[in-house]
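**Student:** As input, take input.txt (compact mmCIF, C-alpha atoms):
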# COMPACT_ATOMS: atom_id res chain seq x y z
CA MET A 5 -0.01 6.07 -10.37
CA THR A 6 -0.37 2.45 -11.48
CA ASP A 7 1.82 -0.39 -10.23
CA ARG A 8 1.99 -3.00 -13.00
CA ARG A 9 3.32 -5.67 -10.62
CA THR A 10 0.44 -5.48 -8.13
CA GLY A 11 -2.24 -4.22 -10.50
CA ALA A 12 -3.07 -1.37 -8.11
CA LEU A 13 -3.88 2.26 -8.83
CA THR A 14 -2.72 4.74 -6.19
CA ILE A 15 -4.71 7.99 -5.88
CA ARG A 16 -3.84 11.04 -3.80
CA THR A 17 -6.78 13.30 -2.91
CA PRO A 18 -6.49 17.12 -2.58
CA GLU A 19 -6.78 16.63 1.20
CA GLY A 20 -3.56 14.60 1.19
CA VAL A 21 -5.23 11.20 1.67
CA VAL A 22 -3.59 8.37 -0.28
CA PHE A 23 -5.56 5.22 -1.08
CA SER A 24 -5.10 2.28 -3.39
CA LEU A 25 -7.56 0.59 -5.77
CA THR A 26 -7.02 -2.94 -7.09
CA LEU A 27 -7.62 -2.95 -10.82
CA ALA A 28 -9.63 -5.75 -12.41
CA GLY A 29 -7.67 -7.78 -14.95
CA PRO A 30 -8.81 -8.83 -18.46
CA VAL A 31 -9.77 -12.38 -17.41
CA THR A 32 -11.98 -11.29 -14.52
CA ARG A 33 -13.59 -8.62 -16.64
CA PHE A 34 -14.28 -11.12 -19.43
CA LEU A 35 -16.01 -13.46 -16.99
CA ALA A 36 -18.20 -10.60 -15.76
CA VAL A 37 -19.05 -9.62 -19.33
CA SER A 38 -19.92 -13.23 -20.12
CA VAL A 39 -22.48 -13.27 -17.31
CA ASP A 40 -23.97 -10.00 -18.55
CA LEU A 41 -24.16 -11.34 -22.13
CA VAL A 42 -26.11 -14.35 -20.89
CA VAL A 43 -28.52 -12.06 -19.04
CA VAL A 44 -29.01 -9.85 -22.12
CA SER A 45 -29.48 -12.94 -24.33
CA LEU A 46 -32.19 -14.30 -22.04
CA LEU A 47 -33.96 -10.94 -22.00
CA SER A 48 -33.70 -10.80 -25.79
CA GLU A 49 -35.27 -14.25 -26.09
CA VAL A 50 -38.23 -13.11 -24.01
CA VAL A 51 -38.65 -9.90 -26.00
CA GLY A 52 -38.22 -11.81 -29.27
CA ALA A 53 -41.01 -14.18 -28.28
CA LEU A 54 -43.25 -11.23 -27.48
CA LEU A 55 -42.48 -9.65 -30.85
CA GLY A 56 -43.09 -12.92 -32.69
CA PHE A 57 -46.60 -11.83 -33.64
CA LEU A 58 -45.03 -9.33 -36.09
CA GLY A 59 -44.03 -12.32 -38.22
CA VAL A 60 -47.67 -12.63 -39.23
CA ILE A 61 -47.42 -9.21 -40.86
CA SER A 62 -43.87 -9.46 -42.20
CA ARG A 63 -40.99 -11.75 -41.40
CA ASP A 64 -38.51 -8.96 -42.19
CA LEU A 65 -40.38 -6.60 -39.86
CA ALA A 66 -40.21 -9.13 -37.05
CA MET A 67 -36.47 -9.63 -37.60
CA ALA A 68 -35.81 -5.89 -37.69
CA ALA A 69 -37.81 -5.35 -34.50
CA THR A 70 -35.93 -8.17 -32.77
CA LEU A 71 -32.54 -6.75 -33.77
CA PHE A 72 -33.56 -3.29 -32.61
CA ALA A 73 -34.77 -4.71 -29.29
CA TYR A 74 -31.44 -6.49 -28.83
CA PHE A 75 -29.60 -3.22 -29.48
CA VAL A 76 -31.74 -1.36 -26.92
CA LEU A 77 -31.33 -4.14 -24.35
CA SER A 78 -27.56 -4.35 -24.85
CA ILE A 79 -27.12 -0.63 -24.21
CA GLY A 80 -30.00 -0.11 -21.81
CA TYR A 81 -29.03 -3.00 -19.54
CA GLY A 82 -25.50 -1.71 -18.98
CA VAL A 83 -26.56 1.92 -18.60
CA LEU A 84 -29.41 1.17 -16.20
CA MET A 85 -27.46 -1.26 -14.03
CA GLU A 86 -24.27 0.79 -13.80
CA TRP A 87 -26.14 4.00 -13.08
CA ARG A 88 -28.63 2.66 -10.54
CA TRP A 89 -26.22 0.18 -8.90
CA ARG A 90 -23.25 2.58 -8.81
CA GLY A 91 -21.01 1.02 -11.42
CA ARG A 92 -22.17 -2.57 -11.08
CA THR A 93 -24.03 -5.02 -13.30
CA LEU A 94 -25.09 -8.55 -12.37
CA GLY A 95 -21.84 -9.91 -13.76
CA LYS A 96 -19.74 -7.37 -11.91
CA MET A 97 -21.60 -8.04 -8.67
CA LEU A 98 -20.88 -11.77 -8.95
CA LEU A 99 -17.19 -11.12 -9.64
CA LYS A 100 -17.03 -8.29 -7.05
CA LEU A 101 -16.12 -5.61 -9.61
CA LYS A 102 -17.14 -1.97 -9.90
CA VAL A 103 -16.78 0.79 -12.49
CA MET A 104 -15.32 4.06 -11.21
CA ASP A 105 -13.96 7.33 -12.50
CA VAL A 106 -10.17 7.18 -12.94
CA GLN A 107 -9.81 9.62 -10.01
CA GLY A 108 -11.91 7.43 -7.73
CA LEU A 109 -14.90 9.75 -8.04
CA LYS A 110 -18.55 8.87 -8.51
CA LEU A 111 -19.55 8.00 -12.08
CA THR A 112 -21.46 10.60 -14.07
CA PHE A 113 -24.36 9.59 -16.27
CA SER A 114 -22.49 10.65 -19.40
CA GLN A 115 -19.57 8.36 -18.49
CA VAL A 116 -21.95 5.42 -18.08
CA VAL A 117 -23.61 6.09 -21.46
CA ILE A 118 -20.33 6.60 -23.35
CA ARG A 119 -18.61 3.44 -22.05
CA ASN A 120 -21.68 1.34 -22.89
CA LEU A 121 -22.08 2.79 -26.39
CA MET A 122 -18.43 1.94 -27.03
CA ARG A 123 -19.15 -1.74 -26.39
CA PHE A 124 -20.06 -2.13 -30.06
CA VAL A 125 -16.48 -1.18 -30.92
CA ASP A 126 -14.86 -3.21 -28.14
CA ILE A 127 -16.76 -6.35 -29.13
CA LEU A 128 -15.34 -6.33 -32.70
CA PRO A 129 -14.64 -8.55 -34.53
CA GLY A 130 -16.12 -10.88 -31.92
CA LEU A 131 -15.70 -12.09 -28.32
CA TYR A 132 -14.54 -8.61 -27.25
CA LEU A 133 -11.26 -9.01 -29.14
CA VAL A 134 -10.67 -5.25 -29.53
CA GLY A 135 -11.64 -4.55 -25.92
CA GLY A 136 -9.54 -7.46 -24.67
CA MET A 137 -6.45 -6.31 -26.56
CA ALA A 138 -6.94 -2.78 -25.20
CA CYS A 139 -7.13 -4.18 -21.64
CA LEU A 140 -3.87 -6.07 -22.13
CA ILE A 141 -2.05 -3.03 -23.50
CA SER A 142 -3.49 -0.39 -21.15
CA ARG A 143 -1.63 0.29 -17.89
CA ARG A 144 -4.98 0.45 -16.09
CA HIS A 145 -6.58 -2.52 -17.90
CA GLN A 146 -9.02 -0.22 -19.69
CA ARG A 147 -10.97 -1.20 -22.79
CA LEU A 148 -11.66 1.46 -25.42
CA GLY A 149 -14.93 2.41 -23.72
CA ASP A 150 -13.06 3.06 -20.47
CA LEU A 151 -10.41 5.13 -22.21
CA VAL A 152 -13.02 7.33 -23.89
CA ALA A 153 -15.22 7.65 -20.78
CA ASN A 154 -12.25 8.08 -18.43
CA THR A 155 -13.28 5.14 -16.24
CA ILE A 156 -11.64 2.10 -14.66
CA VAL A 157 -12.92 -1.23 -13.32
CA VAL A 158 -11.72 -2.18 -9.84
CA ARG A 159 -12.01 -5.21 -7.63
CA GLN A 160 -14.07 -4.84 -4.46
CA PRO A 161 -13.15 -7.56 -1.96
CA LYS A 162 -15.26 -7.89 1.14
CA ILE A 163 -14.13 -5.27 3.65
CA GLN A 164 -14.20 -5.96 7.34
CA ALA A 165 -16.07 -3.39 9.39
CA PRO A 166 -13.75 -1.19 11.48
CA ASP A 167 -13.38 -2.07 15.15
CA LEU A 168 -15.17 0.92 16.65
CA THR A 169 -14.41 -0.24 20.18
CA GLN A 170 -10.68 -0.02 19.50
CA LEU A 171 -11.02 3.19 17.50
CA LEU A 172 -13.17 5.15 19.94
CA THR A 173 -11.90 4.01 23.34
CA GLY A 174 -8.96 5.34 25.29
CA LYS A 175 -10.09 8.92 25.94
CA TYR A 176 -13.04 10.25 27.86
CA ASN A 177 -15.77 11.73 25.69
CA SER A 178 -16.57 15.05 27.36
CA PHE A 179 -19.75 15.32 25.26
CA HIS A 180 -21.38 12.79 27.61
CA ASP A 181 -21.67 15.56 30.20
CA PHE A 182 -24.23 17.25 27.95
CA PRO A 183 -26.77 14.56 26.95
CA HIS A 184 -29.26 17.09 25.56
CA LEU A 185 -26.60 18.46 23.18
CA GLU A 186 -25.60 14.91 22.19
CA ALA A 187 -29.23 14.24 21.32
CA ARG A 188 -29.32 17.39 19.19
CA LEU A 189 -26.12 16.29 17.44
CA ARG A 190 -27.58 12.89 16.57
CA GLN A 191 -30.70 14.58 15.26
CA LYS A 192 -28.92 17.05 12.98
CA VAL A 193 -26.03 14.96 11.62
CA SER A 194 -26.91 12.84 8.59
CA PRO A 195 -25.64 9.26 8.13
CA HIS A 196 -23.49 10.49 5.22
CA GLU A 197 -21.80 13.12 7.41
CA ALA A 198 -21.25 10.55 10.14
CA GLY A 199 -19.67 8.16 7.63
CA LEU A 200 -17.28 10.82 6.33
CA ALA A 201 -16.15 11.65 9.87
CA LEU A 202 -15.58 7.97 10.64
CA GLN A 203 -13.55 7.45 7.45
CA ALA A 204 -11.44 10.51 8.28
CA LEU A 205 -10.54 8.99 11.65
CA ILE A 206 -9.80 5.58 10.14
CA ARG A 207 -7.48 7.07 7.49
CA ARG A 208 -5.92 9.83 9.57
CA ASP A 209 -2.51 8.13 9.67
CA GLN A 210 -2.43 8.07 5.86
CA MET A 211 -2.70 11.87 5.61
CA GLU A 212 0.08 14.38 5.35
CA PRO A 213 0.44 16.32 8.65
CA GLY A 214 -0.65 19.66 7.24
CA ALA A 215 -3.61 18.19 5.35
CA ARG A 216 -4.64 16.22 8.45
CA VAL A 217 -4.75 19.35 10.62
CA GLU A 218 -6.69 21.32 8.00
CA LEU A 219 -9.19 18.53 7.34
CA PHE A 220 -10.07 18.02 11.00
CA ARG A 221 -10.28 21.77 11.54
CA GLU A 222 -12.86 22.07 8.78
CA MET A 223 -14.79 19.05 10.03
CA ALA A 224 -14.80 20.32 13.62
CA ASP A 225 -16.06 23.73 12.48
CA HIS A 226 -18.82 21.98 10.53
CA PHE A 227 -20.00 19.87 13.47
CA LYS A 228 -19.79 22.79 15.92
CA LYS A 229 -22.64 24.38 13.97
CA LYS A 230 -24.80 21.32 14.60
CA ALA A 231 -24.73 21.52 18.42
CA ASP A 232 -23.47 24.45 20.48
CA PHE A 233 -21.30 22.80 23.13
CA PRO A 234 -19.86 25.19 25.77
CA ALA A 235 -16.86 27.22 24.59
CA GLU A 236 -14.78 26.18 27.61
CA LEU A 237 -15.26 22.54 26.59
CA THR A 238 -14.30 22.98 22.93
CA ALA A 239 -11.30 25.14 23.83
CA GLU A 240 -9.76 22.30 25.85
CA ILE A 241 -9.72 19.69 23.08
CA SER A 242 -8.12 19.57 19.64
CA ASP A 243 -10.15 19.59 16.43
CA GLU A 244 -9.32 15.93 15.83
CA GLN A 245 -10.51 15.02 19.33
CA TYR A 246 -13.68 17.02 18.72
CA VAL A 247 -14.42 14.97 15.60
CA ARG A 248 -13.58 11.80 17.53
CA ASN A 249 -16.12 12.77 20.21
CA VAL A 250 -18.71 13.39 17.50
CA VAL A 251 -18.14 9.96 15.96
CA ALA A 252 -18.25 8.27 19.37
CA THR A 253 -21.53 10.03 20.14
CA LEU A 254 -23.10 9.06 16.83
CA TYR A 255 -21.94 5.46 16.50
CA ARG A 256 -21.74 4.20 20.08
CA ALA A 257 -24.76 5.96 21.52
CA GLY A 258 -26.72 6.88 18.40
CA GLY A 259 -26.72 3.42 16.85
CA ARG A 260 -25.99 4.62 13.29
Now, as a test, write the supplied structure out as C-alpha cells.
**Tutor:**
Amino acid sequence: MTDRRTGALTIRTPEGVVFSLTLAGPVTRFLAVSVDLVVVSLLSEVVGALLGFLGVISRDLAMAATLFAYFVLSIGYGVLMEWRWRGRTLGKMLLKLKVMDVQGLKLTFSQVVIRNLMRFVDILPGLYLVGGMACLISRRHQRLGDLVANTIVVRQPKIQAPDLTQLLTGKYNSFHDFPHLEARLRQKVSPHEAGLALQALIRRDQMEPGARVELFREMADHFKKKADFPAELTAEISDEQYVRNVVATLYRAGGR
C-alpha cells in the first residue's frame, strides 16, 4: 500500500511483520541518474580515446565502434553496479537510494537487466522525459523500466544501530550456566542467522500475535538444533525468550 502524502510504501510479510519503505521521488532520482550519466560519459571518453586508432583505418568504423562501446557501457554499468552493489550505482550511493523488488525482496538478475535495457525508452526524447513523466504519474514513482521489471527505488537514510544493552538486559540469560554449549552455539550459528534473530526481536512489537508466536517457535526450534541445551532448561522458558538468549549469547559474548 502506498501513501501518496508521505511517499511511503507499506509492506506486510507472510509472517505478519509490517514495515515501511520511503520511496524516492522524481527529483532525487534524476540527480542520481545525472551522476551516473557523468560517470558513463567519462568512461566513454576513455574508451573512445583507446578506439581512436581505428580512425586510421576508417573514420566510420571508429565512430561505429565508439557508439557501440557507449551502448555497452550504458547498459553494462547499470547492470554491473546494481547487481554487485545490491541495487546501487555510484549516483544512488551518493543520494542514498537503492533499487528493490516491489515486495521488498532481493533483486533478481533478470530484473536488473530488464530495468537497465528499458533506459533507452525512458530517456526518450531526451533528458529522461518519458521516464520522468512515468515517475510523476506512478503511485510508486516508477519509471517504465521499474514498471516492467517490477522494481521500486527507495531512500535509505542512515540507520542508527539498535541499543543492544537496552534490548538484551532485564532478564537473566540461563545459557551462561553452560559456557561450553554457548561456545558451540557461537561456532555453529552464521552471522546471517544471528542478524535475522536480532531483527525478529527488534520488530517483535510490529507483528500480529499469532504470527509472532509462530515465528519465534520456528526460530527456537532452529537454534535448538545448533546446541543441545538441557531439556529442563528449555522447558522453563518461552520460545521468544530462547531466541533472546541466543541473541544475547551471540552479540554480547560472541562479538558478532
**Student:** For Arg90 of chain A, please output as a count of residues only all residues within 12 Å (counting all atoms listed in the file; exclusion window: fewer than 5 positions along the same chain).
**Tutor:** 19
**Student:** Please indicate the distance in Å from atom CA of Asp209 of chain A to atom CA of Val247 of chain A, rounded to one decimal place.
**Tutor:**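 It comes out at 15.0 Å.
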**Student:** Taking all atoms listed in the file into account, name the residue in A:Val39, A:Leu140, A:Val106, A:Ile127 that is nearest to Ile156 of chain A.
**Tutor:**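 Among A:Val39, A:Leu140, A:Val106, A:Ile127, it is A:Val106 that comes nearest to Ile156 of chain A.
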**Student:** Which residues, protein or nucleic acid, reach to within 12 Å of (-38.2, -13.1, -27.3) in the file's coordinates when using all atoms listed in the file, and can you give that as a list in words?
**Tutor:**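 Residues with an atom close enough to that point: Val44, Ser45, Leu46, Leu47, Ser48, Glu49, Val50, Val51, Gly52, Ala53, Leu54, Leu55, Gly56, Phe57, Leu58, Ala66, Met67, Ala69, Thr70, Leu71, Ala73, Tyr74 and Leu77 of chain A.
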**Student:** To one decimal in Å, tell me the separation between atom CA of Leu237 of chain A and atom CA of Arg207 of chain A.
**Tutor:**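 Separation of atom CA of Leu237 of chain A and atom CA of Arg207 of chain A: 25.8 Å.
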**Student:** List the neighbours of Thr253 of chain A out to 9 Å using all atoms listed in the file; skip same-chain residues closer than 3 positions along the sequence, and give me the result as a PyMOL selection string.
**Tutor:** chain A and resi 177+179-180+186-187+189-190+248-250+256-258
**Student:** Would you work out the distance separating atom CA of Asp232 of chain A from atom CA of His184 of chain A, expressed in Å to one decimal?
**Tutor:**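 Interatomic distance here is 10.7 Å.
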**Student:** Which is closest to Leu25 of chain A among A:Val43, A:Phe75, A:Arg144, A:Leu65, if we use all atoms listed in the file?
**Tutor:** A:Arg144
**Student:** Using all atoms listed in the file, which residue out of A:Gly214, A:Leu185, A:Arg88, A:Leu254 lies closest to Lys230 of chain A?
**Tutor:**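 Under the stated criterion, the closest residue is A:Leu185.
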